Every structure is written in C-alpha cells, then in structure tokens.
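The structure under discussion appears below in the form of structure tokens.
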Amino acid sequence: HLIIPAVIKLVEQADIIDSQVRSQAIKTLGRLCQKLNFSDYASRIIHPLSRVLDGDDPELKSVAMDTLCTLAYHLGSDYTIFIPMVSKVLAKHRIQHPVYDSLVTKYV
C-alpha cells in the first residue's frame with residue numbers, strides 16, 4: 001500500500017518524467033501484480049493506464065496494454081467492471097491487442 005501510489009505517480013507525470021521512466025513504472029506494476037493481490041488497487045492502477053492509452057506515446061501504449069493484460073488475468077472476473085472504460089479508449093485510438101481481446105472475451 002506504500003509502493004503502489006508512488007509508482008502510479010511516476011506513470012501519471014507525463015510532463016515531468018521521461019517516457020523511459022514511465023515505461024519502467026508501468027512494467028513494475030505488471031510485475032508486482034504477479035506477486036501481490038491488487039484487487040483493492042485495481043481502480044487506482046487501471047484508470048492511469050487508460051490515460052496512458054489515451055496519450056500519444058506508442059511505446060507506452062504497448063507497455064500499458066501488456067500490463068492491463070496481466071492485471072486482467074490476475075483479477076479475473078473482478079476486471080469486468082473496467083472493460084467498458086478500457087474498450088472505449090481502445091476504440092477511440094483503434095488499438096488492437098489480441099491477448100487483451102482473448103482475456104476480455106472470457107469475462108464478458
């Protein structure tokens with residue numbers, strides 16, 4: 001509960017932080033998700049990741065999608081409440097990610 005807010009802050013500070021640092025912060029969230037239960041922090045993580053997807057950096061979008069896949073896998077059916085919000089951003093920017101699509105179809 002102490003690490004997650006600090007890492008999320010790194011993800012969200014687009015104007016101050018280098019995109020490489022932001023990328024590593026997003027990857028860190030994905031790695032932590034594999035080891036810890038993020039059910040209580042899902043909203044605080046997924047909303048910033050959706051804002052990254054809404055941004056302009058294609059490398060960050062790719063990393064964010066991979067992390068969303070990890071979160072969706074580990075959260076299971078708890079992820080279903082976030083599907084409409086993420087799908088809206090994906091449709092807006094025409095982002096396609098086959099792994100994400102296959103995970104989401106399991107929960108819909």
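Residues in the structure tokens are numbered from 1 in each chain, the chains being A, B, ... in the order shown, and ligands are numbered from 1 in the order shown.
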
- Give me the residues within 12 Å of Ser50 of chain A as a PyMOL selection string, counting only C-alpha atoms and dropping any in the same chain fewer than 6 places off. chain A and resi 11-12+26+42-44+60-65+67-68+82-93+95

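Considering only C-alpha atoms, the residue among A:Thr70, A:Gly55, A:Ile81, A:Ile45 positioned nearest to Pro5 of chain A is A:Ile45.
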
- Query: Which residue, A:Cys33, A:Ile16, A:Leu53, A:Cys69, has the smallest gap to Tyr100 of chain A when you use only C-alpha atoms?
  - Reply: A:Cys69

- Message: Using DSSP assignments from the backbone, pull out every residue in chain A that falls under alpha helix (DSSP H) and give it to me as an MDAnalysis selection string.
- Response: chainID A and resid 3:12 19:35 42:53 58:75 83:92 98:107

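If only C-alpha atoms are the atoms counted, then among A:Leu32, A:Val21, A:Ile8, A:Ala72 the closest residue to Pro48 of chain A is A:Ile8.
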
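When atom CA of Thr28 of chain A is paired with atom CA of Glu59 of chain A, their separation reads 15.3 Å.
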
- Message: One number please: atom CA of His97 of chain A to atom CA of Asp78 of chain A, in Å, one decimal.
- Response: 20.1 Å

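For Asn37 of chain A, the residues within 12 Å (counting only C-alpha atoms, excluding itself and residues fewer than 3 positions away along the chain) are A:His1, A:Ile4, A:Leu29, A:Gly30, A:Arg31, A:Leu32, A:Cys33, A:Gln34, A:Asp40, A:Tyr41, A:Ala42, A:Thr70, A:Leu71, A:Tyr73, A:His74, A:Leu75, A:Gly76, A:Asp78.
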